[in-house]
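Participant: My structure file my_file.csv, CSV, C-alpha atoms and all ligand atoms, is below:
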chain,number,residue,atom,x,y,z
A,1,MET,CA,-34.1,-78.2,-10.6
A,2,LEU,CA,-32.4,-81.3,-12.0
A,3,LEU,CA,-29.2,-79.4,-12.7
A,4,GLN,CA,-28.8,-78.7,-9.0
A,5,LYS,CA,-28.4,-82.4,-8.3
A,6,ILE,CA,-25.0,-82.6,-10.2
A,7,PRO,CA,-23.7,-79.1,-10.4
A,8,SER,CA,-20.2,-80.1,-11.5
A,9,PHE,CA,-21.5,-81.3,-14.9
A,10,SER,CA,-22.9,-77.9,-15.7
A,11,ARG,CA,-19.5,-76.4,-16.2
A,12,LEU,CA,-18.3,-79.0,-18.6
A,13,LEU,CA,-21.3,-79.7,-20.8
A,14,THR,CA,-23.8,-77.8,-22.9
A,15,THR,CA,-27.3,-77.3,-21.6
A,16,GLN,CA,-28.7,-80.1,-23.6
A,17,GLN,CA,-26.0,-82.6,-22.6
A,18,VAL,CA,-26.5,-81.6,-18.9
A,19,ARG,CA,-30.2,-82.3,-19.2
A,20,ILE,CA,-29.6,-85.8,-20.6
A,21,VAL,CA,-26.8,-86.7,-18.1
A,22,ALA,CA,-28.7,-85.3,-15.2
A,23,VAL,CA,-31.9,-87.1,-15.9
A,24,ASN,CA,-30.0,-90.4,-16.5
A,25,ALA,CA,-28.2,-90.0,-13.2
A,26,TRP,CA,-31.4,-89.4,-11.5
A,27,VAL,CA,-33.0,-92.5,-13.0
A,28,ARG,CA,-30.2,-94.8,-12.0
A,29,ARG,CA,-30.0,-93.5,-8.4
A,30,GLY,CA,-33.3,-94.8,-7.3
A,31,SER,CA,-35.1,-98.0,-8.1
A,32,THR,CA,-38.4,-97.0,-6.4
A,33,ALA,CA,-41.2,-95.5,-8.5
A,34,SER,CA,-41.0,-92.1,-6.8
A,35,TYR,CA,-37.5,-91.5,-8.4
A,36,GLU,CA,-38.6,-92.6,-11.8
A,37,PRO,CA,-39.2,-89.6,-14.1
A,38,LYS,CA,-42.8,-89.2,-15.3
A,39,TYR,CA,-44.0,-88.3,-18.7
A,40,ASP,CA,-47.3,-87.9,-20.5
A,41,VAL,CA,-46.0,-89.7,-23.6
A,42,VAL,CA,-42.8,-91.8,-24.0
A,43,VAL,CA,-41.6,-92.5,-27.6
A,44,VAL,CA,-39.4,-95.6,-28.0
A,45,GLY,CA,-37.0,-95.3,-30.9
A,46,GLY,CA,-34.8,-92.4,-32.0
A,47,GLY,CA,-35.0,-93.0,-35.7
A,48,ILE,CA,-36.6,-90.5,-38.1
A,49,ILE,CA,-40.1,-91.9,-37.3
A,50,GLY,CA,-39.7,-91.7,-33.6
A,51,MET,CA,-38.1,-88.2,-33.7
A,52,ALA,CA,-40.6,-86.8,-36.2
A,53,SER,CA,-43.5,-88.1,-34.0
A,54,ALA,CA,-42.0,-86.8,-30.8
A,55,ARG,CA,-41.3,-83.4,-32.4
A,56,GLU,CA,-44.8,-83.1,-33.8
A,57,LEU,CA,-46.3,-84.0,-30.4
A,58,SER,CA,-44.2,-81.3,-28.8
A,59,LEU,CA,-45.4,-78.7,-31.3
A,60,ARG,CA,-49.1,-79.6,-31.2
A,61,TYR,CA,-49.3,-80.2,-27.4
A,62,PRO,CA,-46.7,-77.9,-25.8
A,63,HIS,CA,-48.1,-78.6,-22.3
A,64,LEU,CA,-47.3,-82.3,-22.5
A,65,LYS,CA,-44.2,-83.8,-20.8
A,66,LEU,CA,-42.5,-85.9,-23.5
A,67,SER,CA,-39.4,-88.1,-23.8
A,68,VAL,CA,-37.7,-90.4,-26.4
A,69,LEU,CA,-35.8,-93.5,-25.4
A,70,GLU,CA,-33.2,-94.7,-27.8
A,71,LYS,CA,-31.0,-97.8,-27.3
A,72,GLU,CA,-27.9,-96.5,-29.2
A,73,ASP,CA,-25.6,-93.7,-28.2
A,74,CYS,CA,-26.9,-91.4,-31.0
A,75,LEU,CA,-30.0,-90.7,-33.0
A,76,ALA,CA,-30.6,-92.3,-36.5
A,77,ALA,CA,-28.1,-95.1,-35.9
A,78,HIS,CA,-29.9,-97.6,-38.1
A,79,GLN,CA,-32.1,-97.2,-41.2
A,80,SER,CA,-32.6,-93.5,-40.8
A,81,GLY,CA,-28.8,-92.9,-41.0
A,82,ARG,CA,-28.1,-95.7,-43.5
A,83,ASN,CA,-30.2,-95.2,-46.6
A,84,SER,CA,-30.1,-93.9,-50.2
A,85,GLY,CA,-30.8,-90.3,-49.0
A,86,VAL,CA,-33.5,-89.8,-51.7
A,87,ILE,CA,-36.4,-87.4,-51.2
A,88,HIS,CA,-39.1,-89.3,-53.0
A,89,ALA,CA,-41.8,-87.5,-54.9
A,90,GLY,CA,-44.6,-90.1,-54.6
A,91,ILE,CA,-44.4,-91.8,-58.0
A,92,TYR,CA,-44.8,-95.4,-57.1
A,93,TYR,CA,-47.7,-95.7,-54.7
A,94,LYS,CA,-51.3,-96.8,-55.4
A,95,PRO,CA,-53.4,-93.7,-56.1
A,96,GLY,CA,-55.7,-92.8,-53.3
A,97,SER,CA,-53.6,-94.7,-50.7
A,98,LEU,CA,-52.3,-93.0,-47.6
A,99,LYS,CA,-48.7,-93.7,-48.7
A,100,ALA,CA,-49.3,-91.8,-52.0
A,101,LYS,CA,-51.0,-88.9,-50.2
A,102,LEU,CA,-48.3,-88.7,-47.5
A,103,CYS,CA,-45.4,-89.0,-49.9
A,104,VAL,CA,-46.5,-86.1,-52.1
A,105,GLU,CA,-47.4,-83.9,-49.1
A,106,GLY,CA,-44.2,-85.0,-47.4
A,107,LEU,CA,-42.1,-83.9,-50.4
A,108,HIS,CA,-43.4,-80.3,-50.1
A,109,LEU,CA,-43.2,-80.2,-46.3
A,110,SER,CA,-39.6,-81.7,-46.4
A,111,TYR,CA,-38.2,-79.0,-48.7
A,112,LYS,CA,-40.0,-76.3,-46.6
A,113,TYR,CA,-38.5,-77.7,-43.4
A,114,PHE,CA,-35.0,-78.0,-44.9
A,115,ASP,CA,-35.2,-74.3,-46.0
A,116,GLU,CA,-36.3,-73.2,-42.5
A,117,GLU,CA,-33.6,-75.2,-40.8
A,118,GLY,CA,-30.8,-74.6,-43.2
A,119,ILE,CA,-30.4,-78.3,-43.9
A,120,PRO,CA,-28.4,-78.8,-47.2
A,121,TYR,CA,-30.2,-80.7,-50.0
A,122,LYS,CA,-30.0,-81.0,-53.7
A,123,LYS,CA,-33.0,-81.1,-56.0
A,124,CYS,CA,-31.2,-83.1,-58.6
A,125,GLY,CA,-34.2,-84.8,-60.1
A,126,LYS,CA,-34.8,-88.4,-61.0
A,127,LEU,CA,-35.0,-90.5,-64.2
A,128,ILE,CA,-36.8,-93.9,-64.3
A,129,VAL,CA,-35.5,-95.5,-67.4
A,130,ALA,CA,-37.2,-98.3,-69.4
A,131,LEU,CA,-34.8,-100.6,-71.3
A,132,ASN,CA,-37.2,-102.9,-73.2
A,133,GLU,CA,-40.9,-103.0,-74.4
A,134,LEU,CA,-42.2,-104.7,-71.2
A,135,GLU,CA,-40.6,-101.9,-69.1
A,136,VAL,CA,-42.0,-99.3,-71.4
A,137,LYS,CA,-45.5,-100.6,-70.7
A,138,ARG,CA,-44.8,-100.6,-67.0
A,139,LEU,CA,-43.4,-97.1,-67.3
A,140,HIS,CA,-46.7,-95.9,-68.8
A,141,ASP,CA,-48.6,-97.4,-65.9
A,142,LEU,CA,-46.2,-95.8,-63.5
A,143,PHE,CA,-46.6,-92.4,-65.2
A,144,GLU,CA,-50.4,-92.7,-64.9
A,145,ARG,CA,-50.1,-93.5,-61.2
A,146,ALA,CA,-47.7,-90.6,-60.6
A,147,THR,CA,-50.1,-88.2,-62.4
A,148,LEU,CA,-53.0,-89.4,-60.3
A,149,ASN,CA,-50.9,-89.0,-57.2
A,150,GLY,CA,-50.2,-85.3,-58.1
A,151,VAL,CA,-46.4,-85.7,-58.4
A,152,PRO,CA,-45.4,-82.2,-59.4
A,153,ASP,CA,-44.1,-81.4,-62.9
A,154,ILE,CA,-43.5,-85.1,-63.9
A,155,LYS,CA,-42.9,-85.8,-67.6
A,156,LEU,CA,-42.8,-88.9,-69.9
A,157,ILE,CA,-39.8,-88.5,-72.2
A,158,GLU,CA,-38.6,-90.3,-75.3
A,159,GLY,CA,-35.3,-92.2,-75.4
A,160,SER,CA,-33.8,-89.4,-77.6
A,161,GLU,CA,-34.5,-86.8,-74.9
A,162,ILE,CA,-32.9,-88.8,-72.0
A,163,LYS,CA,-29.4,-87.3,-72.8
A,164,ASN,CA,-30.8,-83.8,-72.1
A,165,TYR,CA,-31.2,-84.8,-68.4
A,166,GLU,CA,-28.5,-87.5,-68.1
A,167,PRO,CA,-25.9,-87.3,-71.0
A,168,HIS,CA,-24.5,-90.7,-70.3
A,169,CYS,CA,-27.7,-92.6,-69.9
A,170,LYS,CA,-29.5,-94.6,-72.6
A,171,GLY,CA,-33.0,-96.1,-72.7
A,172,LEU,CA,-36.2,-96.5,-74.8
A,173,LYS,CA,-38.3,-94.1,-72.7
A,174,ALA,CA,-38.1,-92.5,-69.2
A,175,ILE,CA,-40.0,-90.7,-66.5
A,176,TRP,CA,-38.4,-87.4,-65.5
A,177,SER,CA,-39.3,-86.1,-61.9
A,178,PRO,CA,-37.6,-82.8,-61.4
A,179,HIS,CA,-38.5,-82.4,-57.7
A,180,THR,CA,-37.0,-85.7,-56.5
A,181,GLY,CA,-33.9,-84.8,-54.5
A,182,ILE,CA,-31.3,-85.9,-52.0
A,183,VAL,CA,-30.6,-85.1,-48.4
A,184,ASP,CA,-28.8,-86.7,-45.4
A,185,TRP,CA,-31.9,-88.1,-43.5
A,186,GLY,CA,-29.6,-88.8,-40.5
A,187,LEU,CA,-29.0,-85.1,-40.3
A,188,VAL,CA,-32.7,-84.4,-40.6
A,189,THR,CA,-33.4,-86.7,-37.7
A,190,GLU,CA,-30.8,-84.8,-35.6
A,191,HIS,CA,-32.6,-81.6,-36.4
A,192,TYR,CA,-35.9,-83.1,-35.3
A,193,GLY,CA,-34.1,-84.1,-32.1
A,194,LYS,CA,-32.9,-80.5,-31.6
A,195,ASN,CA,-36.4,-79.0,-32.2
A,196,PHE,CA,-37.8,-81.6,-29.7
A,197,ARG,CA,-35.3,-80.6,-27.0
A,198,ASP,CA,-35.8,-76.9,-27.6
A,199,HIS,CA,-39.5,-77.6,-26.9
A,200,GLY,CA,-38.6,-79.1,-23.6
A,201,GLY,CA,-38.5,-82.8,-24.6
A,202,SER,CA,-36.0,-85.2,-23.1
A,203,ILE,CA,-34.0,-87.7,-25.1
A,204,TYR,CA,-32.4,-90.7,-23.3
A,205,LEU,CA,-29.7,-92.4,-25.2
A,206,ASP,CA,-28.3,-95.8,-24.3
A,207,PHE,CA,-31.7,-96.7,-23.1
A,208,LYS,CA,-32.6,-100.1,-24.5
A,209,VAL,CA,-36.2,-100.8,-23.6
A,210,THR,CA,-36.5,-104.4,-22.4
A,211,GLY,CA,-40.1,-104.3,-21.1
A,212,PHE,CA,-43.3,-102.5,-20.2
A,213,ASP,CA,-45.3,-103.0,-17.0
A,214,LEU,CA,-48.7,-101.8,-16.0
A,215,VAL,CA,-48.1,-100.6,-12.4
A,216,LYS,CA,-50.9,-100.6,-9.8
A,217,ASP,CA,-49.4,-98.0,-7.6
A,218,GLU,CA,-51.8,-95.8,-5.7
A,219,ALA,CA,-49.3,-93.0,-5.3
A,220,ASP,CA,-48.5,-92.8,-9.0
A,221,ALA,CA,-51.8,-93.9,-10.5
A,222,GLU,CA,-51.7,-91.1,-13.0
A,223,TYR,CA,-48.6,-92.7,-14.6
A,224,PRO,CA,-49.5,-96.4,-14.9
A,225,VAL,CA,-47.0,-97.5,-17.5
A,226,ARG,CA,-43.5,-98.3,-16.5
A,227,VAL,CA,-41.0,-98.5,-19.4
A,228,PHE,CA,-37.7,-100.1,-18.3
A,229,SER,CA,-34.3,-101.3,-19.4
A,230,LYS,CA,-31.8,-103.4,-17.5
A,231,ASP,CA,-30.9,-100.6,-15.1
A,232,LYS,CA,-33.3,-97.7,-15.6
A,233,ALA,CA,-37.0,-96.9,-15.9
A,234,VAL,CA,-39.4,-94.1,-16.6
A,235,ARG,CA,-43.2,-93.9,-15.9
A,236,CYS,CA,-45.8,-92.5,-18.3
A,237,LYS,CA,-49.4,-92.4,-19.4
A,238,TYR,CA,-48.9,-93.4,-23.0
A,239,VAL,CA,-46.2,-95.1,-25.1
A,240,LEU,CA,-45.6,-94.9,-28.8
A,241,THR,CA,-43.1,-97.5,-30.2
A,242,CYS,CA,-41.2,-96.5,-33.4
A,243,GLY,CA,-38.7,-99.4,-33.4
A,244,GLY,CA,-37.9,-99.7,-37.1
A,245,LEU,CA,-36.3,-103.1,-37.5
A,246,GLN,CA,-37.2,-104.0,-34.0
A,247,SER,CA,-40.8,-103.0,-34.2
A,248,ASP,CA,-42.3,-106.5,-34.1
A,249,LEU,CA,-40.2,-107.3,-30.9
A,250,LEU,CA,-41.3,-104.0,-29.3
A,251,ALA,CA,-44.9,-104.8,-30.2
A,252,GLU,CA,-44.7,-108.1,-28.5
A,253,LEU,CA,-43.0,-106.6,-25.4
A,254,SER,CA,-45.8,-104.1,-25.1
A,255,GLY,CA,-48.5,-106.9,-25.2
A,256,CYS,CA,-49.4,-106.6,-28.9
A,257,SER,CA,-49.1,-109.0,-31.7
A,258,GLY,CA,-45.6,-109.4,-33.3
A,259,ASP,CA,-47.3,-109.7,-36.8
A,260,PRO,CA,-46.1,-108.8,-39.3
A,261,HIS,CA,-42.7,-110.2,-38.3
A,262,ILE,CA,-39.6,-108.5,-39.6
A,263,VAL,CA,-37.5,-110.5,-42.1
A,264,PRO,CA,-34.1,-108.7,-42.1
A,265,PHE,CA,-32.5,-107.8,-45.4
A,266,ARG,CA,-29.1,-106.2,-45.8
A,267,GLY,CA,-28.7,-103.5,-48.5
A,268,GLU,CA,-25.3,-102.9,-50.0
A,269,TYR,CA,-24.0,-100.1,-52.2
A,270,LEU,CA,-21.1,-99.8,-54.6
A,271,LEU,CA,-19.2,-96.5,-54.7
A,272,LEU,CA,-18.5,-95.1,-58.2
A,273,SER,CA,-14.9,-94.2,-58.6
A,274,LYS,CA,-14.2,-90.5,-58.4
A,275,GLU,CA,-13.0,-90.3,-62.0
A,276,LYS,CA,-16.4,-91.7,-63.2
A,277,ALA,CA,-18.6,-89.6,-60.8
A,278,HIS,CA,-19.2,-87.0,-63.5
A,279,LEU,CA,-21.1,-89.6,-65.5
A,280,VAL,CA,-24.1,-89.3,-63.2
A,281,ARG,CA,-26.0,-86.1,-62.5
A,282,GLY,CA,-29.1,-87.1,-60.6
A,283,ASN,CA,-31.0,-90.2,-59.4
A,284,ILE,CA,-31.2,-92.9,-62.1
A,285,TYR,CA,-33.6,-95.7,-61.4
A,286,PRO,CA,-34.8,-98.8,-63.3
A,287,VAL,CA,-38.5,-99.5,-63.8
A,288,PRO,CA,-39.4,-101.5,-60.8
A,289,ASP,CA,-40.5,-105.2,-61.1
A,290,PRO,CA,-44.0,-105.2,-59.6
A,291,ARG,CA,-43.4,-108.7,-58.2
A,292,PHE,CA,-41.0,-107.4,-55.7
A,293,PRO,CA,-41.2,-104.8,-52.9
A,294,PHE,CA,-38.0,-103.0,-54.0
A,295,LEU,CA,-37.5,-100.0,-56.2
A,296,GLY,CA,-34.5,-101.6,-57.9
A,297,VAL,CA,-30.8,-100.9,-57.9
A,298,HIS,CA,-30.3,-97.2,-58.6
A,299,PHE,CA,-27.6,-94.6,-59.0
A,300,THR,CA,-27.8,-92.0,-56.2
A,301,PRO,CA,-25.7,-88.9,-55.8
A,302,ARG,CA,-24.7,-88.2,-52.2
A,303,MET,CA,-24.5,-84.8,-50.6
A,304,ASN,CA,-20.7,-85.1,-50.5
A,305,GLY,CA,-20.4,-85.6,-54.3
A,306,ASP,CA,-20.1,-89.4,-54.2
A,307,ILE,CA,-22.2,-91.6,-56.4
A,308,TRP,CA,-23.7,-94.7,-54.9
A,309,LEU,CA,-25.0,-97.7,-56.7
A,310,GLY,CA,-27.4,-99.9,-54.9
A,311,PRO,CA,-28.9,-101.2,-52.7
A,312,ASN,CA,-29.0,-104.9,-53.4
A,313,ALA,CA,-31.1,-106.9,-50.9
A,314,ILE,CA,-29.5,-109.8,-49.2
A,315,LEU,CA,-31.3,-111.9,-46.6
A,316,ALA,CA,-29.5,-111.2,-43.3
A,317,PHE,CA,-28.9,-113.1,-40.1
A,318,LYS,CA,-29.0,-110.1,-38.0
A,319,ARG,CA,-31.5,-107.2,-37.9
A,320,GLU,CA,-28.7,-104.7,-37.5
A,321,GLY,CA,-25.8,-106.6,-39.0
A,322,TYR,CA,-23.7,-104.3,-41.1
A,323,SER,CA,-20.4,-106.2,-41.1
A,324,VAL,CA,-19.0,-108.1,-44.0
A,325,ARG,CA,-18.8,-111.3,-41.8
A,326,SER,CA,-22.6,-111.4,-41.4
A,327,GLN,CA,-22.9,-111.0,-45.2
A,328,GLN,CA,-20.5,-113.9,-45.8
A,329,ALA,CA,-22.7,-116.1,-43.6
A,330,VAL,CA,-25.7,-115.0,-45.6
A,331,CYS,CA,-24.0,-115.8,-48.9
A,332,LEU,CA,-23.4,-119.3,-47.6
A,333,LEU,CA,-27.1,-119.5,-46.7
A,334,HIS,CA,-28.1,-118.4,-50.1
A,335,ARG,CA,-25.9,-121.0,-51.7
A,336,LEU,CA,-27.5,-123.6,-49.6
A,337,ARG,CA,-30.8,-122.4,-51.2
A,338,LEU,CA,-32.5,-122.0,-47.9
A,339,SER,CA,-36.1,-121.5,-48.7
A,340,VAL,CA,-37.9,-118.6,-47.1
A,341,THR,CA,-41.5,-118.1,-47.6
A,342,SER,CA,-41.8,-114.3,-47.7
A,343,GLN,CA,-42.3,-112.5,-51.0
A,344,ALA,CA,-39.3,-110.3,-50.3
A,345,ALA,CA,-37.0,-113.2,-49.6
A,346,ALA,CA,-38.0,-114.9,-52.8
A,347,TYR,CA,-36.2,-112.2,-54.7
A,348,ASP,CA,-33.1,-113.7,-56.2
A,349,VAL,CA,-30.0,-111.9,-54.8
A,350,CYS,CA,-27.9,-113.1,-57.7
A,351,VAL,CA,-30.1,-111.2,-60.1
A,352,MET,CA,-29.7,-108.0,-58.1
A,353,ALA,CA,-26.0,-108.4,-57.8
A,354,LYS,CA,-25.8,-109.0,-61.6
A,355,SER,CA,-27.9,-106.0,-62.4
A,356,CYS,CA,-25.7,-103.9,-60.1
A,357,HIS,CA,-22.5,-105.0,-62.0
A,358,SER,CA,-24.2,-104.5,-65.4
A,359,TYR,CA,-25.0,-100.9,-64.5
A,360,LEU,CA,-21.5,-100.3,-63.5
A,361,LYS,CA,-20.1,-101.7,-66.8
A,362,GLY,CA,-22.7,-99.6,-68.7
A,363,GLU,CA,-24.5,-102.8,-70.0
B,401,LIG,C1,-31.2,-99.7,-47.8
B,401,LIG,C2,-32.3,-98.7,-47.6
B,401,LIG,C3,-32.4,-97.6,-48.4
B,401,LIG,C4,-33.5,-96.6,-48.2
B,401,LIG,N1,-33.5,-95.5,-48.9
B,401,LIG,C5,-34.4,-94.5,-48.6
B,401,LIG,C6,-34.4,-93.3,-49.4
B,401,LIG,O1,-33.6,-93.1,-50.2
B,401,LIG,N2,-35.4,-92.4,-49.1
B,401,LIG,C7,-36.3,-92.6,-48.1
B,401,LIG,O2,-37.2,-91.7,-47.8
B,401,LIG,N3,-36.3,-93.8,-47.4
B,401,LIG,C8,-35.4,-94.7,-47.6
B,401,LIG,N4,-35.4,-95.9,-46.9
B,401,LIG,C9,-36.4,-96.1,-45.9
B,401,LIG,C10,-36.1,-95.3,-44.6
B,401,LIG,O3,-34.7,-95.3,-44.3
B,401,LIG,C11,-36.8,-95.9,-43.4
B,401,LIG,O4,-38.2,-95.9,-43.8
B,401,LIG,C12,-36.7,-95.0,-42.2
B,401,LIG,O5,-35.4,-94.7,-41.9
B,401,LIG,C13,-37.4,-95.8,-41.0
B,401,LIG,O6,-37.2,-95.0,-39.9
B,401,LIG,P1,-37.6,-95.6,-38.5
B,401,LIG,O7,-37.4,-94.5,-37.5
B,401,LIG,O8,-38.9,-96.4,-38.6
B,401,LIG,O9,-36.5,-96.8,-38.2
B,401,LIG,P2,-35.0,-96.7,-37.7
B,401,LIG,O10,-34.2,-95.7,-38.3
B,401,LIG,O11,-34.4,-98.1,-37.8
B,401,LIG,O12,-35.2,-96.3,-36.2
B,401,LIG,C14,-35.6,-97.2,-35.2
B,401,LIG,C15,-34.9,-96.8,-33.9
B,401,LIG,O13,-35.5,-97.6,-32.8
B,401,LIG,C16,-34.4,-97.9,-31.9
B,401,LIG,N5,-34.9,-99.1,-31.1
B,401,LIG,C17,-35.2,-100.3,-31.6
B,401,LIG,N6,-35.5,-101.1,-30.5
B,401,LIG,C18,-35.4,-100.3,-29.4
B,401,LIG,C19,-35.5,-100.6,-28.0
B,401,LIG,N7,-35.9,-101.8,-27.6
B,401,LIG,N8,-35.3,-99.6,-27.1
B,401,LIG,C20,-34.9,-98.4,-27.6
B,401,LIG,N9,-34.7,-98.1,-28.9
B,401,LIG,C21,-35.0,-99.0,-29.8
B,401,LIG,C22,-33.3,-98.3,-32.9
B,401,LIG,O14,-32.0,-98.2,-32.3
B,401,LIG,C23,-33.4,-97.2,-34.0
B,401,LIG,O15,-32.7,-96.1,-33.7
B,401,LIG,C24,-34.4,-96.8,-47.1
B,401,LIG,C25,-34.2,-98.0,-46.3
B,401,LIG,C26,-33.2,-98.9,-46.5
B,401,LIG,C27,-33.1,-100.1,-45.6
Using the file provided, produce a representation of the structure as structure tokens.
Facilitator:
Amino acid sequence: MLLQKIPSFSRLLTTQQVRIVAVNAWVRRGSTASYEPKYDVVVVGGGIIGMASARELSLRYPHLKLSVLEKEDCLAAHQSGRNSGVIHAGIYYKPGSLKAKLCVEGLHLSYKYFDEEGIPYKKCGKLIVALNELEVKRLHDLFERATLNGVPDIKLIEGSEIKNYEPHCKGLKAIWSPHTGIVDWGLVTEHYGKNFRDHGGSIYLDFKVTGFDLVKDEADAEYPVRVFSKDKAVRCKYVLTCGGLQSDLLAELSGCSGDPHIVPFRGEYLLLSKEKAHLVRGNIYPVPDPRFPFLGVHFTPRMNGDIWLGPNAILAFKREGYSVRSQQAVCLLHRLRLSVTSQAAAYDVCVMAKSCHSYLKGE
């Protein structure tokens, strides 16, 4: 029915594109509620969490009319398309916690999904390497956690065995996790988007949600929530916000508390030169320092054969600031020793940068 409204597009674009263009044209045309598309559930945010949630809703409740609103012109434009690409096995989380349970279950479900969808991945494994006695003690605690969490086939290995897994790596002791892998999570998000569309869901790109209204409109009482941007709106019964770095702002916009507030950090990676790439086979991680919420600077192979080293964690001015300029401003901030109260912000960026360089130099 929608396609008939702008028939000229249908000759130029694929079916999916036509659906998005046609719906957007429809939204813009009318400002009155009767022209605003109506959905049972609207998901705000086209990152991996938003798309996974939308896809799952479409599978479990095929009768529901669903849509996703994303402010960028593609899916996975932020964290979901800009991360280490590691498929974690559930080593770190507190036994019995939801995170631990979901991570181990998610590991199995992820590989199953990749196989079904033909998404390329590499099960290259992961070593967590202890370099001193204190780290060896932490490594034992970590191994106990991992075992309680049910991480599959995990092993504690001696320093002399490390070379069997990573010939160029040295340490006192290590954890070997054979099922940790790598994948392009941005690509996975796109697959979720495709599944969602195939199940009849609509994805609106370039739709930055700026507000939510509860509408008292007799004619459309069934769809009381109006979700709008500067120039468009949709109506729905329920909203699910999955805004990643903007989640506190979206929570406030939707009438909830903005706590906990997001403190933006920028993570940077170094690229190992092509000639040295053969030195690293799989993921190599340090033993995490329990005082900080980071896993530590690690080597990560990429699907294209590159080896990345990172991320560091630098307090950032912008939530989505990826340019070098924003980092320079931050370095200045750091030099001024701006005090920030959050635990994460207390992490000394210089220590991270140093450890990054030491790794590269093989120290
Ligand atoms: C440096 C780094 C490395 C990481 N490495 C790994 C890893 O190796 N393995 C792993 O499993 N995880 C990793 N993670 C974590 C993982 O990337 C995130 O947990 C995940 O991507 C979060 O997904 P999300 O959908 O919540 O957020 P996002 O991907 O940020 O998606 C949120 C979406 O909401 C949209 N949005 C926000 N506000 C609005 C609005 N008002 N209107 C419309 N749309 C809006 C945004 O544009 C964005 O597309 C890493 C994270 C970082 C930062």
Participant: Do you have the atom CA of A:Ser229-atom CA of A:Lys208 distance handy?
Facilitator: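 Separating atom CA of A:Ser229 from atom CA of A:Lys208 is a distance of 5.5 Å.
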Participant: Go through A:Ala54, A:Gln79, A:Pro293, A:Leu127 one by one, measure the shortest atom-to-atom distance of each to A:Pro167 using all atoms listed in the file, and give the residue with the smallest value.
Facilitator: A:Leu127
Participant: List every protein, DNA or RNA residue that has an atom no more than 12 Å from (-52.1, -83.8, -15.9) in the file's coordinate frame, counting only C-alpha atoms, and report them as a tab-separated table (two decimals) with C-alpha atoms, keeping the file's coordinate frame.
Facilitator:
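Listed below is the output, part08.tsv:
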chain	number	residue	atom	x	y	z
A	38	LYS	CA	-42.80	-89.20	-15.30
A	39	TYR	CA	-44.00	-88.30	-18.70
A	40	ASP	CA	-47.30	-87.90	-20.50
A	41	VAL	CA	-46.00	-89.70	-23.60
A	63	HIS	CA	-48.10	-78.60	-22.30
A	64	LEU	CA	-47.30	-82.30	-22.50
A	65	LYS	CA	-44.20	-83.80	-20.80
A	220	ASP	CA	-48.50	-92.80	-9.00
A	221	ALA	CA	-51.80	-93.90	-10.50
A	222	GLU	CA	-51.70	-91.10	-13.00
A	223	TYR	CA	-48.60	-92.70	-14.60
A	236	CYS	CA	-45.80	-92.50	-18.30
A	237	LYS	CA	-49.40	-92.40	-19.40
Participant: Show which residues sit within 10 Å of A:Asp259, as a list of chain:residue names. Count all atoms listed in the file, and ignore same-chain residues fewer than 6 positions away.
Facilitator: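 So, after excluding close chain neighbours, the residues are A:Ser247, A:Asp248, A:Leu249, A:Ala251, A:Glu252.
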Participant: Just C-alpha atoms for this one: save the residues we selected as a PDB file, in the coordinates of the input.
Facilitator:
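Heads up, here's the output in out.pdb:
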ATOM      1  CA  SER A 247     -40.800-103.000 -34.200  1.00  0.00           C
ATOM      2  CA  ASP A 248     -42.300-106.500 -34.100  1.00  0.00           C
ATOM      3  CA  LEU A 249     -40.200-107.300 -30.900  1.00  0.00           C
ATOM      4  CA  ALA A 251     -44.900-104.800 -30.200  1.00  0.00           C
ATOM      5  CA  GLU A 252     -44.700-108.100 -28.500  1.00  0.00           C
TER       6      GLU A 252
END
Participant: Would you pick out the contacts of A:Val43 at 9 Å or less, using all atoms listed in the file, so that residues sharing its chain but fewer than 3 positions from it are not included, and give the list as a list in words?
Facilitator: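 Skipping anything fewer than 3 positions along the chain leaves Gly46, Gly50, Met51, Ser53, Ala54, Leu66, Ser67, Val68, Leu69, Glu70, Tyr238, Val239, Leu240, Thr241 and Cys242 of chain A.
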Participant: With distances taken over all atoms listed in the file, which residue among A:Pro264, A:Pro224, A:Pro62, A:Pro286 lies nearest A:Glu320?
Facilitator: A:Pro264
Participant: Go through the chains and note each residue within 7 Å of ligand LIG 401 (chain B), using only C-alpha atoms and all ligand atoms, then give the set as an NGL selection string.
Facilitator: :A and (44-50 or 69-72 or 75-88 or 207-210 or 242-247 or 250 or 267 or 311)
Participant: Would you mind reading off the distance between atom CA of A:Gly296 and atom CA of A:His140, one decimal, in Å?
Facilitator: 17.3 Å
Participant: Nearest to A:Asp289: which of A:Glu275, A:Glu135, A:Glu268, A:Asp198 is it, counting only C-alpha atoms?
Facilitator: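 For A:Asp289, the nearest of the candidates is A:Glu135.
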Participant: Would you be able to write out as JSON, numbers by chain which residues have an atom within 12 Å of (-54.2, -91.7, -54.9) in the file's coordinates, counting only C-alpha atoms?
Facilitator: {"A": [90, 91, 92, 93, 94, 95, 96, 97, 98, 99, 100, 101, 102, 103, 104, 105, 144, 145, 146, 147, 148, 149, 150, 151]}
Participant: My list of candidates is A:Val287, A:Ala233, A:Ile182, A:Ala52. Which is closest to A:Thr300 when distances are computed with only C-alpha atoms?
Facilitator: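 Checking each candidate against A:Thr300, we get A:Ile182 as the closest.
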Participant: Return the single residue from A:Arg281, A:Leu107, A:Val42, A:Tyr322 that is closest to A:Asn164, with distances computed using all atoms listed in the file.
Facilitator: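 Once distances to A:Asn164 are computed over all atoms listed in the file, the minimum belongs to A:Arg281.
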Participant: Would you list the contacts of A:Lys123 as JSON, numbers by chain, taking every protein, DNA or RNA residue within 8 Å and counting only C-alpha atoms, but skipping same-chain residues closer than 5 positions in sequence?
Facilitator: {"A": [178, 179, 180, 181, 182]}
